[in-house]
Structure formats: structure tokens, C-alpha cells
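work-v2.pdb, holding PDB, C-alpha atoms:
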```pdb
MODEL        1
ATOM      1  CA  ARG A 177       0.000   0.000   0.000  1.00  0.00           C
ATOM      2  CA  THR A 178       2.806   2.399   0.807  1.00  0.00           C
ATOM      3  CA  LEU A 179       4.478   1.841  -2.549  1.00  0.00           C
ATOM      4  CA  ALA A 180       1.162   2.179  -4.384  1.00  0.00           C
ATOM      5  CA  ALA A 181       0.465   5.449  -2.564  1.00  0.00           C
ATOM      6  CA  GLN A 182       3.914   6.775  -3.486  1.00  0.00           C
ATOM      7  CA  LEU A 183       3.463   5.850  -7.151  1.00  0.00           C
ATOM      8  CA  LEU A 184       0.027   7.459  -7.296  1.00  0.00           C
ATOM      9  CA  GLY A 185       1.371  10.592  -5.622  1.00  0.00           C
ATOM     10  CA  GLN A 186       4.231  10.842  -8.116  1.00  0.00           C
ATOM     11  CA  ALA A 187       1.857  10.330 -11.035  1.00  0.00           C
ATOM     12  CA  TYR A 188      -0.477  13.024  -9.689  1.00  0.00           C
ATOM     13  CA  LEU A 189       2.401  15.477  -9.227  1.00  0.00           C
ATOM     14  CA  ASN A 190       3.689  14.800 -12.754  1.00  0.00           C
ATOM     15  CA  ALA A 191       0.211  15.204 -14.259  1.00  0.00           C
ATOM     16  CA  HIS A 192      -0.344  18.451 -12.346  1.00  0.00           C
ATOM     17  CA  ASN A 193       2.888  19.957 -13.663  1.00  0.00           C
ATOM     18  CA  LEU A 194       2.363  18.678 -17.207  1.00  0.00           C
ATOM     19  CA  ILE A 195      -1.079  20.285 -17.355  1.00  0.00           C
ATOM     20  CA  ALA A 196       0.203  23.532 -15.831  1.00  0.00           C
ATOM     21  CA  ALA A 197       3.029  23.735 -18.388  1.00  0.00           C
ATOM     22  CA  ASN A 198       0.743  22.917 -21.324  1.00  0.00           C
ATOM     23  CA  ARG A 199      -2.474  24.678 -20.371  1.00  0.00           C
ATOM     24  CA  ASP A 200      -3.282  25.910 -23.911  1.00  0.00           C
ATOM     25  CA  ALA A 201      -2.900  22.427 -25.429  1.00  0.00           C
ATOM     26  CA  VAL A 202      -4.984  20.837 -22.671  1.00  0.00           C
ATOM     27  CA  GLU A 203      -7.726  23.441 -23.180  1.00  0.00           C
ATOM     28  CA  LYS A 204      -7.705  22.694 -26.938  1.00  0.00           C
ATOM     29  CA  ILE A 205      -8.217  18.989 -26.189  1.00  0.00           C
ATOM     30  CA  ALA A 206     -11.039  19.791 -23.768  1.00  0.00           C
ATOM     31  CA  ASP A 207     -12.719  22.117 -26.272  1.00  0.00           C
ATOM     32  CA  THR A 208     -12.504  19.462 -29.000  1.00  0.00           C
ATOM     33  CA  VAL A 209     -13.974  16.754 -26.763  1.00  0.00           C
ATOM     34  CA  ILE A 210     -16.781  19.078 -25.669  1.00  0.00           C
ATOM     35  CA  GLU A 211     -17.533  19.983 -29.279  1.00  0.00           C
ATOM     36  CA  LYS A 212     -17.526  16.392 -30.565  1.00  0.00           C
ATOM     37  CA  ARG A 213     -18.824  14.827 -27.329  1.00  0.00           C
ATOM     38  CA  GLU A 214     -16.352  11.964 -27.725  1.00  0.00           C
ATOM     39  CA  ILE A 215     -13.071  11.260 -29.481  1.00  0.00           C
ATOM     40  CA  TYR A 216     -11.386   7.914 -30.092  1.00  0.00           C
ATOM     41  CA  GLY A 217      -8.349   6.198 -31.550  1.00  0.00           C
ATOM     42  CA  ASP A 218      -6.683   7.755 -34.557  1.00  0.00           C
ATOM     43  CA  GLU A 219      -8.618  11.003 -34.208  1.00  0.00           C
ATOM     44  CA  LEU A 220      -7.307  11.431 -30.656  1.00  0.00           C
ATOM     45  CA  LEU A 221      -3.762  10.530 -31.696  1.00  0.00           C
ATOM     46  CA  GLU A 222      -3.873  13.064 -34.545  1.00  0.00           C
ATOM     47  CA  LEU A 223      -5.059  15.776 -32.164  1.00  0.00           C
ATOM     48  CA  LEU A 224      -2.287  14.975 -29.677  1.00  0.00           C
ATOM     49  CA  GLN A 225       0.341  15.021 -32.441  1.00  0.00           C
ATOM     50  CA  GLN A 226      -0.872  18.417 -33.709  1.00  0.00           C
ATOM     51  CA  LEU A 227      -0.408  20.012 -30.305  1.00  0.00           C
ATOM     52  CA  GLU A 228       2.999  20.862 -28.935  1.00  0.00           C
ATOM     53  CA  PHE A 229       3.477  19.570 -25.428  1.00  0.00           C
ATOM     54  CA  THR A 230       6.566  20.451 -23.444  1.00  0.00           C
ATOM     55  CA  LYS A 231       7.995  18.371 -20.640  1.00  0.00           C
ATOM     56  CA  PRO A 232       8.157  20.611 -17.597  1.00  0.00           C
ATOM     57  CA  GLU A 233      11.259  20.868 -15.449  1.00  0.00           C
ATOM     58  CA  VAL A 234       9.903  20.282 -11.953  1.00  0.00           C
ATOM     59  CA  ASP A 235      11.741  21.818  -9.013  1.00  0.00           C
ATOM     60  CA  LEU A 236      10.352  20.049  -5.976  1.00  0.00           C
ATOM     61  CA  THR A 237      11.617  22.840  -3.715  1.00  0.00           C
ATOM     62  CA  GLU A 238       9.286  25.365  -5.361  1.00  0.00           C
ATOM     63  CA  GLU A 239       5.866  25.614  -3.803  1.00  0.00           C
ATOM     64  CA  SER A 240       4.264  26.216  -7.220  1.00  0.00           C
ATOM     65  CA  SER A 241       5.279  22.679  -8.252  1.00  0.00           C
ATOM     66  CA  TRP A 242       2.897  21.199  -5.712  1.00  0.00           C
ATOM     67  CA  PRO A 243      -0.862  21.061  -6.290  1.00  0.00           C
ATOM     68  CA  LYS A 244      -3.045  22.855  -3.811  1.00  0.00           C
ATOM     69  CA  LEU A 245      -5.446  20.436  -2.153  1.00  0.00           C
TER      70      LEU A 245
ENDMDL
END
```
Reformat the file's structure so that it appears as C-alpha cells.
Amino acid sequence: RTLAAQLLGQAYLNAHNLIAANRDAVEKIADTVIEKREIYGDELLELLQQLEFTKPEVDLTEESSWPKL
């Protein structure tokens, strides 16, 4: 359980920072899904490839790196 909790926490932290660093791309995905109501397979992959995601550099000592709960 401890290991599972650590892995989930790390995944949540990574997702939080990825979304924060790529807010415009994430909003484009959300807008497209809202417009079409659903999106699957190749259509989703094409959308993801069109958008430019950047991998954020996460400094764990910065408070802004941590999600507010």
C-alpha cells in the first residue's frame, strides 16, 4: 500500500505539472472533446500530435510545483 500510494502521488504530481506547463494544449483537447462529445483512436492521436506539449522541469523545492489540495 505504501508503494502504491507513493506511485500514485508521483503520477499526480507529474500530471499536475504537465497540465500547468501545457495549459493551452490541454484546453484545446477539452474544447474538442466538448464539441464532438467523444473522441477515439486515430482522431485522438492526430489531435495529440498536432499540439505541442513540453515536458516541464519540476523543481520540488518550489511551492508552485505542488498542487493545492
Please provide the set of residues having any atom within 9 Å of A:Lys204, restricted to only C-alpha atoms, with same-chain residues fewer than 5 positions apart removed, written as a ChimeraX atom specification.
-> /A:199,209,227
File of the preceding selection, C-alpha atoms, as a JSON list (two decimals), keeping the file's coordinate frame:
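The new file part30.json reads:
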```json
[["chain", "number", "residue", "atom", "x", "y", "z"],
["A", 199, "ARG", "CA", -2.47, 24.68, -20.37],
["A", 209, "VAL", "CA", -13.97, 16.75, -26.76],
["A", 227, "LEU", "CA", -0.41, 20.01, -30.30]]
```
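Between atom CA of A:Ala197 and atom CA of A:Thr230 the separation is 7.0 Å.
Of the listed residues (A:Val234, A:Ala191, A:Leu245, A:Leu221), A:Leu221 comes nearest to A:Ile205; the distances count all atoms listed in the file.
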Pick out the closest residue to A:Trp242 from this set: A:Asn198, A:Arg177, A:Asp218, A:Asn190. Count only C-alpha atoms.
->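 Among the listed residues, the smallest separation from A:Trp242 belongs to A:Asn190.
For the atom pair formed by atom CA of A:Ser241 and atom CA of A:Asp207, the distance is 25.5 Å, given to one decimal.
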Would you work out the distance separating atom CA of A:Ile215 from atom CA of A:Asn193, expressed in Å to one decimal?
-> 24.1 Å
Using all atoms listed in the file, which of the listed residues (A:Leu189, A:Leu184, A:Leu179, A:Leu223) sits closest to A:Asp235?
->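 Checking each candidate against A:Asp235, we get A:Leu189 as the closest.
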With distances taken over all atoms listed in the file, which of A:Ala180, A:His192, A:Glu239, A:Thr208 is nearest to A:Leu224?
-> A:Thr208
Taking all atoms listed in the file into account, which of A:Glu238, A:Leu183, A:Leu220, A:Tyr188 comes nearest A:Ala206?
->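 Ranked by minimum distance to A:Ala206, first place goes to A:Leu220.
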Between A:Ala181, A:Leu194, A:Ala201, A:Ile210, which is the closest to A:Gln225 once you count all atoms listed in the file?
->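 Using all atoms listed in the file, A:Gln225 sits closest to A:Ala201.
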Could you model all heavy atoms for stretch 180-191 of chain A and present them as a short mmCIF file (atom, residue, chain, number, x, y, z; two decimals), in the coordinates of the input?
```
data_model
loop_
_atom_site.label_atom_id
_atom_site.label_comp_id
_atom_site.auth_asym_id
_atom_site.auth_seq_id
_atom_site.Cartn_x
_atom_site.Cartn_y
_atom_site.Cartn_z
N ALA A 180 2.24 1.76 -3.49
CA ALA A 180 1.16 2.18 -4.38
C ALA A 180 0.82 3.65 -4.14
O ALA A 180 0.61 4.41 -5.10
CB ALA A 180 -0.07 1.31 -4.19
N ALA A 181 0.76 4.05 -2.89
CA ALA A 181 0.46 5.45 -2.56
C ALA A 181 1.56 6.37 -3.08
O ALA A 181 1.27 7.46 -3.60
CB ALA A 181 0.29 5.61 -1.06
N GLN A 182 2.80 5.96 -2.98
CA GLN A 182 3.91 6.78 -3.49
C GLN A 182 3.83 6.91 -5.00
O GLN A 182 4.02 8.01 -5.55
CB GLN A 182 5.25 6.16 -3.09
CG GLN A 182 5.57 6.31 -1.61
CD GLN A 182 6.84 5.57 -1.23
OE1 GLN A 182 7.31 4.70 -1.94
NE2 GLN A 182 7.38 5.92 -0.07
N LEU A 183 3.56 5.81 -5.69
CA LEU A 183 3.46 5.85 -7.15
C LEU A 183 2.31 6.73 -7.61
O LEU A 183 2.44 7.51 -8.56
CB LEU A 183 3.31 4.43 -7.71
CG LEU A 183 4.54 3.54 -7.58
CD1 LEU A 183 4.21 2.12 -8.01
CD2 LEU A 183 5.70 4.09 -8.38
N LEU A 184 1.17 6.61 -6.94
CA LEU A 184 0.03 7.46 -7.30
C LEU A 184 0.33 8.93 -7.03
O LEU A 184 -0.04 9.80 -7.82
CB LEU A 184 -1.22 7.02 -6.53
CG LEU A 184 -1.84 5.70 -6.99
CD1 LEU A 184 -2.94 5.28 -6.02
CD2 LEU A 184 -2.37 5.83 -8.39
N GLY A 185 1.00 9.21 -5.94
CA GLY A 185 1.37 10.59 -5.62
C GLY A 185 2.31 11.17 -6.66
O GLY A 185 2.17 12.32 -7.09
N GLN A 186 3.29 10.38 -7.09
CA GLN A 186 4.23 10.84 -8.12
C GLN A 186 3.52 11.08 -9.44
O GLN A 186 3.77 12.08 -10.13
CB GLN A 186 5.35 9.83 -8.30
CG GLN A 186 6.32 9.78 -7.15
CD GLN A 186 7.33 8.64 -7.29
OE1 GLN A 186 7.25 7.82 -8.19
NE2 GLN A 186 8.27 8.61 -6.37
N ALA A 187 2.61 10.17 -9.79
CA ALA A 187 1.86 10.33 -11.04
C ALA A 187 0.99 11.59 -10.99
O ALA A 187 0.90 12.33 -11.97
CB ALA A 187 0.99 9.10 -11.28
N TYR A 188 0.36 11.84 -9.84
CA TYR A 188 -0.48 13.02 -9.69
C TYR A 188 0.36 14.29 -9.81
O TYR A 188 -0.02 15.24 -10.50
CB TYR A 188 -1.20 12.97 -8.34
CG TYR A 188 -2.17 14.11 -8.14
CD1 TYR A 188 -3.43 14.08 -8.74
CD2 TYR A 188 -1.84 15.21 -7.37
CE1 TYR A 188 -4.32 15.11 -8.57
CE2 TYR A 188 -2.74 16.25 -7.20
CZ TYR A 188 -3.97 16.20 -7.79
OH TYR A 188 -4.85 17.23 -7.63
N LEU A 189 1.52 14.31 -9.17
CA LEU A 189 2.40 15.48 -9.23
C LEU A 189 2.87 15.72 -10.66
O LEU A 189 2.87 16.86 -11.14
CB LEU A 189 3.60 15.28 -8.30
CG LEU A 189 4.59 16.43 -8.25
CD1 LEU A 189 3.96 17.66 -7.61
CD2 LEU A 189 5.84 16.02 -7.49
N ASN A 190 3.26 14.66 -11.36
CA ASN A 190 3.69 14.80 -12.75
C ASN A 190 2.56 15.30 -13.64
O ASN A 190 2.77 16.17 -14.49
CB ASN A 190 4.23 13.47 -13.28
CG ASN A 190 5.58 13.12 -12.68
OD1 ASN A 190 6.33 13.99 -12.29
ND2 ASN A 190 5.88 11.84 -12.61
N ALA A 191 1.36 14.76 -13.46
CA ALA A 191 0.21 15.20 -14.26
C ALA A 191 -0.12 16.67 -13.99
O ALA A 191 -0.39 17.44 -14.91
CB ALA A 191 -1.00 14.32 -13.97
#
```
